[in-house]
file structure.txt (compact mmCIF, C-alpha atoms)
# COMPACT_ATOMS: atom_id res chain seq x y z
CA MET A 1 -6.18 -31.69 -36.83
CA ALA A 2 -5.68 -29.51 -33.74
CA GLN A 3 -6.12 -25.76 -34.22
CA ARG A 4 -3.19 -23.53 -33.27
CA ILE A 5 -3.79 -20.73 -30.72
CA SER A 6 -1.62 -17.63 -30.36
CA LEU A 7 -1.69 -14.73 -27.95
CA VAL A 8 -1.31 -11.48 -29.92
CA VAL A 9 -0.18 -8.29 -28.13
CA ILE A 10 0.91 -4.80 -29.18
CA ALA A 11 2.95 -3.03 -26.52
CA ARG A 12 5.15 -0.06 -25.78
CA ASP A 13 6.95 0.74 -22.50
CA GLU A 14 5.15 -2.02 -20.62
CA ALA A 15 8.12 -3.55 -18.80
CA ALA A 16 6.28 -3.48 -15.47
CA ARG A 17 3.30 -5.49 -16.79
CA ILE A 18 4.19 -7.58 -19.82
CA GLY A 19 5.57 -10.50 -17.80
CA ARG A 20 2.34 -10.78 -15.79
CA LEU A 21 0.31 -11.12 -18.99
CA LEU A 22 2.60 -13.63 -20.66
CA ASP A 23 2.96 -15.84 -17.60
CA SER A 24 -0.82 -15.97 -17.15
CA VAL A 25 -1.49 -17.08 -20.73
CA ALA A 26 1.58 -19.18 -21.62
CA PRO A 27 0.27 -22.52 -20.24
CA TRP A 28 -2.83 -22.37 -22.41
CA VAL A 29 -1.65 -21.29 -25.88
CA ASP A 30 0.72 -22.59 -28.53
CA ALA A 31 2.55 -19.31 -29.18
CA MET A 32 2.77 -15.69 -28.01
CA LEU A 33 3.53 -12.75 -30.30
CA VAL A 34 4.44 -9.33 -28.89
CA LEU A 35 4.68 -6.50 -31.41
CA ASP A 36 6.71 -3.70 -29.84
CA THR A 37 5.75 -0.24 -31.13
CA GLY A 38 8.77 1.72 -29.94
CA SER A 39 9.58 0.93 -26.31
CA ARG A 40 12.26 2.89 -24.53
CA ASP A 41 12.31 0.46 -21.62
CA ASP A 42 13.00 -3.28 -21.33
CA THR A 43 9.66 -4.44 -22.73
CA PRO A 44 11.15 -6.40 -25.68
CA ARG A 45 13.78 -8.16 -23.55
CA ILE A 46 11.30 -9.05 -20.80
CA ALA A 47 8.74 -10.30 -23.32
CA ALA A 48 11.32 -12.57 -24.92
CA ALA A 49 12.46 -13.83 -21.51
CA HIS A 50 8.86 -14.82 -20.75
CA GLY A 51 8.55 -16.89 -23.90
CA ALA A 52 7.15 -14.50 -26.50
CA ARG A 53 8.30 -13.97 -30.04
CA VAL A 54 9.06 -10.25 -30.28
CA GLU A 55 8.68 -8.23 -33.48
CA HIS A 56 8.84 -4.48 -34.06
CA PHE A 57 6.56 -1.90 -35.70
CA ALA A 58 6.99 1.82 -36.33
CA TRP A 59 4.08 3.50 -34.51
CA CYS A 60 1.83 5.51 -36.85
CA ASP A 61 -0.99 6.70 -34.54
CA ASP A 62 -3.21 3.87 -35.70
CA PHE A 63 -4.05 0.96 -33.39
CA SER A 64 -5.65 -1.06 -36.18
CA ALA A 65 -2.53 -0.85 -38.32
CA ALA A 66 -0.41 -2.17 -35.44
CA ARG A 67 -2.99 -4.76 -34.41
CA ASN A 68 -3.33 -6.08 -37.95
CA ARG A 69 0.42 -6.34 -38.44
CA ALA A 70 0.65 -8.37 -35.23
CA LEU A 71 -2.15 -10.67 -36.40
CA GLU A 72 -0.42 -11.12 -39.75
CA LEU A 73 2.81 -12.11 -38.01
CA ALA A 74 1.11 -14.46 -35.55
CA ALA A 75 -0.71 -16.32 -38.34
CA ALA A 76 -2.46 -18.85 -36.08
CA ASP A 77 -5.85 -20.50 -36.47
CA TRP A 78 -7.10 -18.69 -33.34
CA HIS A 79 -5.87 -15.38 -31.96
CA LEU A 80 -6.34 -14.24 -28.37
CA VAL A 81 -5.97 -10.44 -28.62
CA LEU A 82 -4.93 -8.80 -25.35
CA ASP A 83 -3.06 -5.69 -24.18
CA ALA A 84 -0.05 -5.56 -21.91
CA ASP A 85 -2.07 -4.13 -19.01
CA GLU A 86 -4.38 -7.16 -19.11
CA TRP A 87 -3.92 -10.69 -17.83
CA LEU A 88 -5.79 -13.98 -17.64
CA LEU A 89 -7.71 -14.30 -14.37
CA ASP A 90 -9.68 -17.45 -15.09
CA GLY A 91 -10.61 -19.76 -17.93
CA GLY A 92 -7.43 -21.35 -19.20
CA PRO A 93 -9.22 -24.63 -20.03
CA ALA A 94 -11.64 -22.71 -22.27
CA LEU A 95 -8.65 -21.42 -24.20
CA ARG A 96 -7.15 -24.86 -24.53
CA ALA A 97 -10.49 -26.24 -25.75
CA LEU A 98 -10.25 -23.99 -28.83
CA ARG A 99 -7.72 -26.44 -30.25
CA GLN A 100 -10.62 -28.76 -30.97
CA MET A 101 -12.92 -26.07 -32.41
CA ALA A 102 -13.12 -24.85 -35.97
CA PRO A 103 -12.37 -21.09 -36.20
CA ASP A 104 -15.81 -20.21 -37.49
CA PHE A 105 -17.02 -17.85 -34.73
CA ALA A 106 -15.80 -14.85 -32.72
CA GLY A 107 -15.48 -15.37 -28.98
CA SER A 108 -16.16 -12.81 -26.27
CA ILE A 109 -14.34 -12.67 -22.95
CA ALA A 110 -15.33 -11.05 -19.66
CA LEU A 111 -13.07 -8.02 -19.11
CA ARG A 112 -12.80 -7.00 -15.47
CA ASP A 113 -11.58 -3.40 -15.19
CA HIS A 114 -9.78 -2.51 -11.96
CA PHE A 115 -9.90 1.16 -11.01
CA ASP A 116 -9.20 3.08 -7.83
CA GLY A 117 -12.14 2.20 -5.60
CA GLY A 118 -13.60 -0.82 -7.34
CA THR A 119 -14.07 -2.92 -10.46
CA SER A 120 -16.41 -2.98 -13.45
CA GLN A 121 -16.99 -5.63 -16.05
CA GLY A 122 -18.09 -5.98 -19.64
CA ARG A 123 -17.69 -8.40 -22.53
CA LEU A 124 -15.48 -7.83 -25.57
CA LEU A 125 -14.68 -9.86 -28.68
CA ARG A 126 -11.07 -10.88 -28.15
CA VAL A 127 -10.89 -14.48 -29.43
CA LEU A 128 -10.80 -14.32 -33.21
CA PRO A 129 -10.26 -16.65 -36.16
CA GLY A 130 -6.92 -16.10 -37.83
CA PHE A 131 -8.33 -14.27 -40.85
CA VAL A 132 -10.17 -11.52 -38.91
CA ARG A 133 -8.68 -8.02 -38.97
CA TYR A 134 -9.44 -4.68 -37.26
CA ALA A 135 -10.61 -1.23 -38.38
CA GLY A 136 -10.45 2.08 -36.52
CA ARG A 137 -7.59 4.34 -35.51
CA ILE A 138 -8.47 3.84 -31.81
CA HIS A 139 -10.97 1.66 -29.95
CA GLU A 140 -10.54 -0.50 -32.99
CA GLN A 141 -13.14 -3.17 -33.73
CA PRO A 142 -12.77 -6.59 -35.39
CA GLN A 143 -14.45 -6.70 -38.77
CA HIS A 144 -16.46 -9.86 -39.41
CA GLN A 145 -19.92 -11.33 -40.01
CA LEU A 146 -19.37 -14.38 -37.82
CA PRO A 147 -21.64 -15.75 -35.11
CA GLN A 148 -20.51 -14.85 -31.60
CA ARG A 149 -20.04 -17.05 -28.54
CA ALA A 150 -19.48 -16.06 -24.93
CA LEU A 151 -16.43 -17.95 -23.72
CA ASP A 152 -15.71 -18.81 -20.11
CA LEU A 153 -12.66 -16.52 -20.00
CA THR A 154 -12.10 -13.69 -17.53
CA ILE A 155 -9.40 -11.10 -18.21
CA GLY A 156 -8.18 -8.50 -15.71
CA HIS A 157 -7.30 -4.95 -16.77
CA ASP A 158 -5.70 -2.19 -14.67
CA GLY A 159 -5.27 0.52 -17.28
CA TYR A 160 -7.87 2.69 -15.51
CA LEU A 161 -5.90 3.06 -12.28
CA ASN A 162 -5.17 6.74 -11.67
CA GLU A 163 -1.43 6.47 -12.21
CA ARG A 164 -1.99 4.74 -15.56
CA LEU A 165 -4.61 7.27 -16.66
CA ALA A 166 -2.28 10.17 -15.90
CA ALA A 167 0.38 8.68 -18.16
CA LYS A 168 -2.07 8.31 -21.07
CA ARG A 169 -3.92 11.62 -20.72
CA GLY A 170 -4.57 13.32 -24.05
CA ARG A 171 -3.41 10.40 -26.22
CA ASN A 172 -6.79 8.78 -26.74
CA GLU A 173 -8.60 12.09 -27.18
CA ALA A 174 -6.27 13.14 -29.98
CA LEU A 175 -6.73 9.85 -31.83
CA LEU A 176 -10.50 9.88 -31.33
CA ARG A 177 -10.80 13.41 -32.69
CA ALA A 178 -8.68 12.45 -35.70
CA ASP A 179 -11.06 9.53 -36.38
CA LEU A 180 -14.11 11.73 -35.87
CA ALA A 181 -12.79 14.21 -38.41
CA GLN A 182 -13.19 11.42 -40.95
CA ARG A 183 -16.32 9.78 -39.44
CA PRO A 184 -18.29 12.54 -37.72
CA ASP A 185 -21.50 10.48 -37.62
CA ASP A 186 -20.02 7.47 -35.82
CA ALA A 187 -21.97 7.24 -32.56
CA TYR A 188 -19.54 4.76 -31.01
CA LEU A 189 -16.61 7.15 -31.46
CA TRP A 190 -18.57 9.95 -29.77
CA TYR A 191 -19.40 7.58 -26.90
CA GLN A 192 -15.72 6.73 -26.52
CA LEU A 193 -14.77 10.42 -26.61
CA GLY A 194 -17.29 11.06 -23.85
CA LYS A 195 -15.97 8.13 -21.84
CA ASP A 196 -12.42 9.44 -22.18
CA ALA A 197 -13.43 12.85 -20.85
CA TYR A 198 -15.49 11.19 -18.10
CA VAL A 199 -12.58 9.21 -16.65
CA TYR A 200 -10.65 12.49 -16.36
CA GLU A 201 -13.67 14.11 -14.65
CA ASP A 202 -14.25 16.62 -17.45
CA TYR A 203 -18.00 16.19 -17.19
CA ALA A 204 -18.96 19.09 -19.45
CA GLN A 205 -16.99 17.64 -22.35
CA ALA A 206 -18.20 14.14 -21.50
CA GLU A 207 -21.85 15.16 -21.62
CA ALA A 208 -21.38 17.05 -24.88
CA ALA A 209 -19.92 13.92 -26.49
CA PHE A 210 -22.51 11.58 -24.93
CA GLU A 211 -25.32 13.82 -26.16
CA ARG A 212 -23.88 13.72 -29.67
CA ALA A 213 -23.58 9.91 -29.53
CA ALA A 214 -27.16 9.54 -28.31
CA GLY A 215 -28.49 11.67 -31.14
CA LEU A 216 -26.91 9.61 -33.90
CA PRO A 217 -28.12 6.33 -35.39
CA HIS A 218 -26.30 3.46 -33.75
CA PRO A 219 -26.57 -0.32 -33.72
CA ASP A 220 -27.10 -1.99 -30.37
CA GLY A 221 -23.46 -2.51 -29.51
CA GLY A 222 -24.06 -3.16 -25.83
CA TRP A 223 -22.70 0.21 -24.71
CA TRP A 224 -25.97 2.13 -24.35
CA LEU A 225 -26.49 1.17 -20.70
CA ASP A 226 -22.98 2.35 -19.82
CA LEU A 227 -23.53 5.62 -21.68
CA MET A 228 -26.78 6.28 -19.81
CA ALA A 229 -25.32 5.61 -16.35
CA ARG A 230 -22.35 7.85 -17.11
CA ARG A 231 -24.60 10.61 -18.50
CA LEU A 232 -26.66 10.69 -15.31
CA PHE A 233 -23.53 10.99 -13.19
CA ALA A 234 -22.03 13.66 -15.47
CA LEU A 235 -25.23 15.74 -15.44
CA LYS A 236 -25.45 15.39 -11.66
CA SER A 237 -21.87 16.63 -11.36
CA LEU A 238 -22.79 19.59 -13.55
CA LYS A 239 -25.82 20.28 -11.31
CA ARG A 240 -28.14 19.77 -14.28
CA HIS A 241 -30.60 17.72 -12.25
CA ALA A 242 -33.72 18.59 -14.22
CA ASP A 243 -32.02 17.75 -17.53
CA ALA A 244 -30.87 14.42 -16.12
CA LEU A 245 -34.33 13.50 -14.85
CA ALA A 246 -35.87 14.40 -18.20
CA LEU A 247 -33.29 12.15 -19.85
CA ALA A 248 -33.85 9.26 -17.42
CA GLU A 249 -37.64 9.07 -17.54
CA PRO A 250 -38.02 7.71 -21.09
CA GLU A 251 -35.11 5.29 -20.47
CA LEU A 252 -36.66 3.54 -17.46
CA GLN A 253 -37.84 0.61 -19.57
CA ARG A 254 -34.87 0.39 -21.93
CA CYS A 255 -32.45 0.44 -19.00
CA GLY A 256 -34.75 -1.53 -16.72
CA GLU A 257 -32.32 -4.42 -16.22
CA SER A 258 -29.30 -2.26 -15.32
CA PRO A 259 -28.46 -1.79 -11.62
CA ASP A 260 -25.87 0.78 -12.73
CA PHE A 261 -28.59 2.94 -14.28
CA PHE A 262 -30.73 2.87 -11.13
CA PHE A 263 -27.71 3.38 -8.88
CA ALA A 264 -26.83 6.53 -10.84
CA LEU A 265 -30.49 7.61 -10.75
CA GLY A 266 -30.62 7.31 -6.96
CA ASP A 267 -27.36 9.23 -6.67
CA LEU A 268 -28.74 11.96 -8.93
CA LEU A 269 -31.96 12.25 -6.92
CA LEU A 270 -30.06 12.43 -3.64
CA ASP A 271 -27.91 15.27 -4.95
CA PHE A 272 -31.04 17.02 -6.21
CA ALA A 273 -32.66 16.68 -2.78
CA ALA A 274 -29.57 18.08 -1.07
CA ASP A 275 -29.60 21.11 -3.37
CA THR A 276 -33.37 21.70 -3.10
CA PRO A 277 -34.40 20.98 0.52
CA ALA A 278 -37.98 22.06 -0.19
CA GLN A 279 -38.36 19.04 -2.49
CA ALA A 280 -36.43 16.56 -0.35
CA GLU A 281 -39.51 15.00 1.26
CA ALA A 282 -40.97 14.17 -2.14
CA LEU A 283 -37.65 12.91 -3.49
CA VAL A 284 -36.70 10.53 -0.67
CA PRO A 285 -39.17 7.76 -1.70
CA MET A 286 -37.87 7.97 -5.28
CA ILE A 287 -34.28 7.71 -4.09
CA GLU A 288 -35.15 4.68 -1.98
CA GLU A 289 -37.04 3.07 -4.84
CA ALA A 290 -34.05 3.47 -7.20
CA TRP A 291 -31.62 1.78 -4.81
CA GLN A 292 -34.14 -0.92 -3.91
CA ARG A 293 -34.40 -1.64 -7.64
CA CYS A 294 -30.62 -2.17 -7.68
CA LEU A 295 -30.93 -4.84 -5.00
CA LEU A 296 -33.87 -6.44 -6.78
CA LEU A 297 -31.86 -6.69 -10.01
CA GLY A 298 -28.74 -7.94 -8.26
CA GLU A 299 -25.27 -8.02 -9.74
CA ARG A 300 -25.29 -8.03 -13.55
CA PRO A 301 -21.63 -8.41 -14.56
CA GLU A 302 -22.57 -9.39 -18.11
CA LEU A 303 -23.81 -5.87 -18.85
CA SER A 304 -21.37 -3.41 -20.39
CA GLY A 305 -19.65 -1.20 -17.82
CA ALA A 306 -21.27 -2.93 -14.83
CA VAL A 307 -19.61 -1.74 -11.62
CA ALA A 308 -19.27 -4.47 -8.99
CA GLY A 309 -21.41 -3.76 -5.93
CA ARG A 310 -24.07 -1.57 -7.49
CA GLY A 311 -26.47 -4.49 -7.43
CA SER A 312 -25.50 -5.44 -3.88
CA HIS A 313 -23.38 -3.89 -1.12
CA LEU A 314 -22.93 -0.39 -2.63
CA ALA A 315 -26.66 0.10 -3.11
CA ALA A 316 -27.32 -1.42 0.32
CA HIS A 317 -24.81 0.96 1.93
CA ASN A 318 -26.52 3.98 0.38
CA LEU A 319 -29.95 2.70 1.39
CA ALA A 320 -28.77 2.10 4.95
CA LEU A 321 -27.52 5.67 5.22
CA LEU A 322 -30.84 6.95 3.90
CA MET A 323 -32.79 4.84 6.37
CA GLU A 324 -30.66 5.98 9.28
CA ALA A 325 -31.25 9.60 8.25
CA THR A 326 -35.01 8.97 8.20
CA GLY A 327 -35.23 7.19 11.57
CA ARG A 328 -35.14 3.55 10.43
CA ALA A 329 -32.01 2.31 12.17
CA GLU A 330 -33.17 -1.31 12.49
CA ARG A 331 -33.81 -1.64 8.76
CA ALA A 332 -30.45 -0.03 8.07
CA ALA A 333 -28.70 -2.60 10.28
CA ALA A 334 -30.56 -5.45 8.56
CA LEU A 335 -29.44 -4.19 5.14
CA ARG A 336 -25.81 -4.04 6.20
CA GLN A 337 -26.02 -7.56 7.54
CA ALA A 338 -27.68 -8.86 4.37
CA TYR A 339 -25.22 -7.15 2.01
CA PRO A 340 -21.82 -6.95 3.74
CA ALA A 341 -19.04 -5.16 1.92
CA PRO A 342 -16.34 -7.53 0.59
CA VAL A 343 -13.16 -7.71 2.62
call {"tool": "encode", "arguments": {"input": "structure.txt", "output": "structure tokens"}}
result
Amino acid sequence: MAQRISLVVIARDEAARIGRLLDSVAPWVDAMLVLDTGSRDDTPRIAAAHGARVEHFAWCDDFSAARNRALELAAADWHLVLDADEWLLDGGPALRALRQMAPDFAGSIALRDHFDGGTSQGRLLRVLPGFVRYAGRIHEQPQHQLPQRALDLTIGHDGYLNERLAAKRGRNEALLRADLAQRPDDAYLWYQLGKDAYVYEDYAQAEAAFERAAGLPHPDGGWWLDLMARRLFALKSLKRHADALALAEPELQRCGESPDFFFALGDLLLDFAADTPAQAEALVPMIEEAWQRCLLLGERPELSGAVAGRGSHLAAHNLALLMEATGRAERAAALRQAYPAPV
């Protein structure tokens, strides 16, 4: 018997985006459920016009409560859990293939974040058997003991564009702090609090939260590499170069496969050299080595928080500037030719 697949969405005031999501997924699923949590715009009407079943939920400052109610209402064998500011970029056939698969695993998708100036990518569990539910007031996580499979699905997300961030400022922080009041030793929540401060360029608060996360026991949830790259950038922005270098040194092996880590390390060293000209000559080879390591590693989109280009054209651009500044114009030109920026 074929398994039934449903898209499951919670949404509020997403009239500008909900149609994009629904149209991208509709050809590949059997049903679409949108749980509206109190829209003041045309989100419910637009969702219905694009083929979704629309239900309503009184918002209670708890994403898991809303998410779980939506899953209960959808009641399919497989649930594709997305947000209104996401959409299917590629992989429809992989969704359709779930109809012939028993719901006995959790599937991860590639989430491509679009932000002003570039993209980053990570993997998240978003394809779930019908019985799986969530826990957590915010940055909620599916609760299960199932094996995991990486599915050939790519989802776009533009919630980190500046205009979208401005509209959400303060919301996530308040919910994270409420969760932390109940679970003060949850490293993942501290990481998310630091990430929230980071995207708003509050680097002092970001580093304080990242430091707390790093000092707590935590399972390997795939977010450590992202935390480390962000910590290096935050400490650089705070002009705490020595602290950042002391932090980076013992992580060279653990983060050895991350071009984002070495990109941030090169950026940190360059800023340190600019602030301490007497040490610049000694630092330049280290800067070059960090960005060369990025090119050696190449693009690693499967790593959490990987920013597109840090294993290719962005690192090459920085290296070319460094080589030009140190009298190596021919090598700089060769780098630019080998790693052209995308058009």
call {"tool": "residues_around", "arguments": {"input": "structure.txt", "residues": "A:Trp223", "least_positions_apart": "5", "cutoff": "12 Å", "atoms": "only C-alpha atoms", "output": "list in words"}}
result
Gln121, Gly122, Arg123, Leu124, Ala187, Tyr188, Leu189, Trp190, Tyr191, Gln192, Lys195, Phe210, Ala213, Ala214, His218, Met228, Ala229, Arg230, Cys255, Ser258, Glu302, Leu303, Ser304, Gly305 and Ala306 of chain A
call {"tool": "closest_residue", "arguments": {"input": "structure.txt", "among": "A:Glu211, A:Glu140, A:Asp13, A:Asp23", "to": "A:His50", "atoms": "all atoms listed in the file"}}
result
A:Asp23
call {"tool": "atom_distance", "arguments": {"input": "structure.txt", "atom1": "atom CA of A:Gln253", "atom2": "atom CA of A:Val307"}}
result
20.0 Å
call {"tool": "closest_residue", "arguments": {"input": "structure.txt", "among": "A:Gly194, A:Pro285, A:Pro259, A:Gly130", "to": "A:Ala209", "atoms": "only C-alpha atoms"}}
result
A:Gly194
call {"tool": "residues_around", "arguments": {"input": "structure.txt", "residues": "A:Thr326", "least_positions_apart": "5", "cutoff": "12 Å", "atoms": "all atoms listed in the file", "output": "short mmCIF file (atom, residue, chain, number, x, y, z; two decimals) with C-alpha atoms, keeping the file's coordinate frame"}}
result
data_model
loop_
_atom_site.label_atom_id
_atom_site.label_comp_id
_atom_site.auth_asym_id
_atom_site.auth_seq_id
_atom_site.Cartn_x
_atom_site.Cartn_y
_atom_site.Cartn_z
CA ALA A 280 -36.43 16.56 -0.35
CA GLU A 281 -39.51 15.00 1.26
CA VAL A 284 -36.70 10.53 -0.67
CA PRO A 285 -39.17 7.76 -1.70
CA GLU A 288 -35.15 4.68 -1.98
CA LEU A 319 -29.95 2.70 1.39
CA ALA A 320 -28.77 2.10 4.95
CA LEU A 321 -27.52 5.67 5.22
CA ARG A 331 -33.81 -1.64 8.76
CA ALA A 332 -30.45 -0.03 8.07
#
call {"tool": "atom_distance", "arguments": {"input": "structure.txt", "atom1": "atom CA of A:Pro147", "atom2": "atom CA of A:Asp260"}}
result
28.1 Å
call {"tool": "atom_distance", "arguments": {"input": "structure.txt", "atom1": "atom CA of A:Asn68", "atom2": "atom CA of A:Arg133"}}
result
5.8 Å
call {"tool": "residues_around", "arguments": {"input": "structure.txt", "residues": "A:Asn318", "least_positions_apart": "3", "cutoff": "12 Å", "atoms": "only C-alpha atoms", "output": "PyMOL selection string"}}
result
chain A and resi 263-264+266-267+270+287-292+294-295+309-315+321-325+332+335-336+339+341
call {"tool": "residues_around", "arguments": {"input": "structure.txt", "residues": "A:Leu165", "least_positions_apart": "4", "cutoff": "10 Å", "atoms": "all atoms listed in the file", "output": "list in words"}}
result
Phe115, Asp158, Gly159, Tyr160, Leu161, Arg169, Gly170, Asp196, Val199 and Tyr200 of chain A
call {"tool": "write_last_selection", "arguments": {"input": "structure.txt", "atoms": "C-alpha atoms", "output": "compact mmCIF listing (two decimals), keeping the file's coordinate frame"}}
result
# COMPACT_ATOMS: atom_id res chain seq x y z
CA PHE A 115 -9.90 1.16 -11.01
CA ASP A 158 -5.70 -2.19 -14.67
CA GLY A 159 -5.27 0.52 -17.28
CA TYR A 160 -7.87 2.69 -15.51
CA LEU A 161 -5.90 3.06 -12.28
CA ARG A 169 -3.92 11.62 -20.72
CA GLY A 170 -4.57 13.32 -24.05
CA ASP A 196 -12.42 9.44 -22.18
CA VAL A 199 -12.58 9.21 -16.65
CA TYR A 200 -10.65 12.49 -16.36
call {"tool": "residues_around", "arguments": {"input": "structure.txt", "residues": "A:Arg137", "least_positions_apart": "3", "cutoff": "7 Å", "atoms": "only C-alpha atoms", "output": "list in words"}}
result
Asp62, Phe63, Ser64, Glu140, Leu175 and Asp179 of chain A
call {"tool": "closest_residue", "arguments": {"input": "structure.txt", "among": "A:Leu235, A:Ala308, A:Val8, A:Ala204", "to": "A:Gly118", "atoms": "only C-alpha atoms"}}
result
A:Ala308
call {"tool": "closest_residue", "arguments": {"input": "structure.txt", "among": "A:Ile18, A:Ala197, A:Leu151, A:Leu146", "to": "A:Arg171", "atoms": "only C-alpha atoms"}}
result
A:Ala197
call {"tool": "build_atoms", "arguments": {"input": "structure.txt", "residues": "stretch 227-251 of chain A", "atoms": "N, CA and C atoms", "output": "short mmCIF file (atom, residue, chain, number, x, y, z; two decimals), in the coordinates of the input"}}
result
data_model
loop_
_atom_site.label_atom_id
_atom_site.label_comp_id
_atom_site.auth_asym_id
_atom_site.auth_seq_id
_atom_site.Cartn_x
_atom_site.Cartn_y
_atom_site.Cartn_z
N LEU A 227 -23.40 4.21 -21.34
CA LEU A 227 -23.53 5.62 -21.68
C LEU A 227 -24.57 6.29 -20.80
N MET A 228 -25.71 5.65 -20.59
CA MET A 228 -26.78 6.28 -19.81
C MET A 228 -26.37 6.48 -18.36
N ALA A 229 -25.75 5.47 -17.75
CA ALA A 229 -25.32 5.61 -16.35
C ALA A 229 -24.29 6.73 -16.22
N ARG A 230 -23.37 6.80 -17.15
CA ARG A 230 -22.35 7.85 -17.11
C ARG A 230 -22.96 9.23 -17.35
N ARG A 231 -23.95 9.31 -18.25
CA ARG A 231 -24.60 10.61 -18.50
C ARG A 231 -25.29 11.12 -17.24
N LEU A 232 -25.98 10.26 -16.53
CA LEU A 232 -26.66 10.69 -15.31
C LEU A 232 -25.67 11.22 -14.30
N PHE A 233 -24.54 10.53 -14.16
CA PHE A 233 -23.53 10.99 -13.19
C PHE A 233 -22.91 12.30 -13.65
N ALA A 234 -22.63 12.42 -14.95
CA ALA A 234 -22.03 13.66 -15.47
C ALA A 234 -22.98 14.84 -15.27
N LEU A 235 -24.26 14.66 -15.59
CA LEU A 235 -25.23 15.74 -15.44
C LEU A 235 -25.43 16.10 -13.97
N LYS A 236 -25.40 15.10 -13.09
CA LYS A 236 -25.45 15.39 -11.66
C LYS A 236 -24.27 16.25 -11.25
N SER A 237 -23.08 15.88 -11.71
CA SER A 237 -21.87 16.63 -11.36
C SER A 237 -21.90 18.05 -11.88
N LEU A 238 -22.62 18.25 -12.98
CA LEU A 238 -22.79 19.59 -13.55
C LEU A 238 -23.97 20.34 -12.94
N LYS A 239 -24.64 19.70 -11.98
CA LYS A 239 -25.82 20.28 -11.31
C LYS A 239 -26.98 20.52 -12.28
N ARG A 240 -27.05 19.70 -13.31
CA ARG A 240 -28.14 19.77 -14.28
C ARG A 240 -29.18 18.69 -13.95
N HIS A 241 -29.71 18.77 -12.74
CA HIS A 241 -30.60 17.72 -12.25
C HIS A 241 -31.85 17.57 -13.11
N ALA A 242 -32.47 18.67 -13.45
CA ALA A 242 -33.72 18.59 -14.22
C ALA A 242 -33.47 17.97 -15.59
N ASP A 243 -32.35 18.34 -16.23
CA ASP A 243 -32.02 17.75 -17.53
C ASP A 243 -31.81 16.25 -17.39
N ALA A 244 -31.14 15.84 -16.33
CA ALA A 244 -30.87 14.42 -16.12
C ALA A 244 -32.15 13.63 -15.89
N LEU A 245 -33.06 14.19 -15.11
CA LEU A 245 -34.33 13.50 -14.85
C LEU A 245 -35.17 13.40 -16.12
N ALA A 246 -35.15 14.44 -16.93
CA ALA A 246 -35.87 14.40 -18.20
C ALA A 246 -35.27 13.34 -19.13
N LEU A 247 -33.97 13.17 -19.05
CA LEU A 247 -33.29 12.15 -19.85
C LEU A 247 -33.62 10.75 -19.34
N ALA A 248 -33.68 10.59 -18.01
CA ALA A 248 -33.85 9.26 -17.42
C ALA A 248 -35.25 8.70 -17.62
N GLU A 249 -36.26 9.57 -17.55
CA GLU A 249 -37.64 9.07 -17.54
C GLU A 249 -37.97 8.18 -18.73
N PRO A 250 -37.67 8.59 -19.97
CA PRO A 250 -38.02 7.71 -21.09
C PRO A 250 -37.12 6.48 -21.21
N GLU A 251 -36.03 6.42 -20.40
CA GLU A 251 -35.11 5.29 -20.47
C GLU A 251 -35.39 4.23 -19.41
#
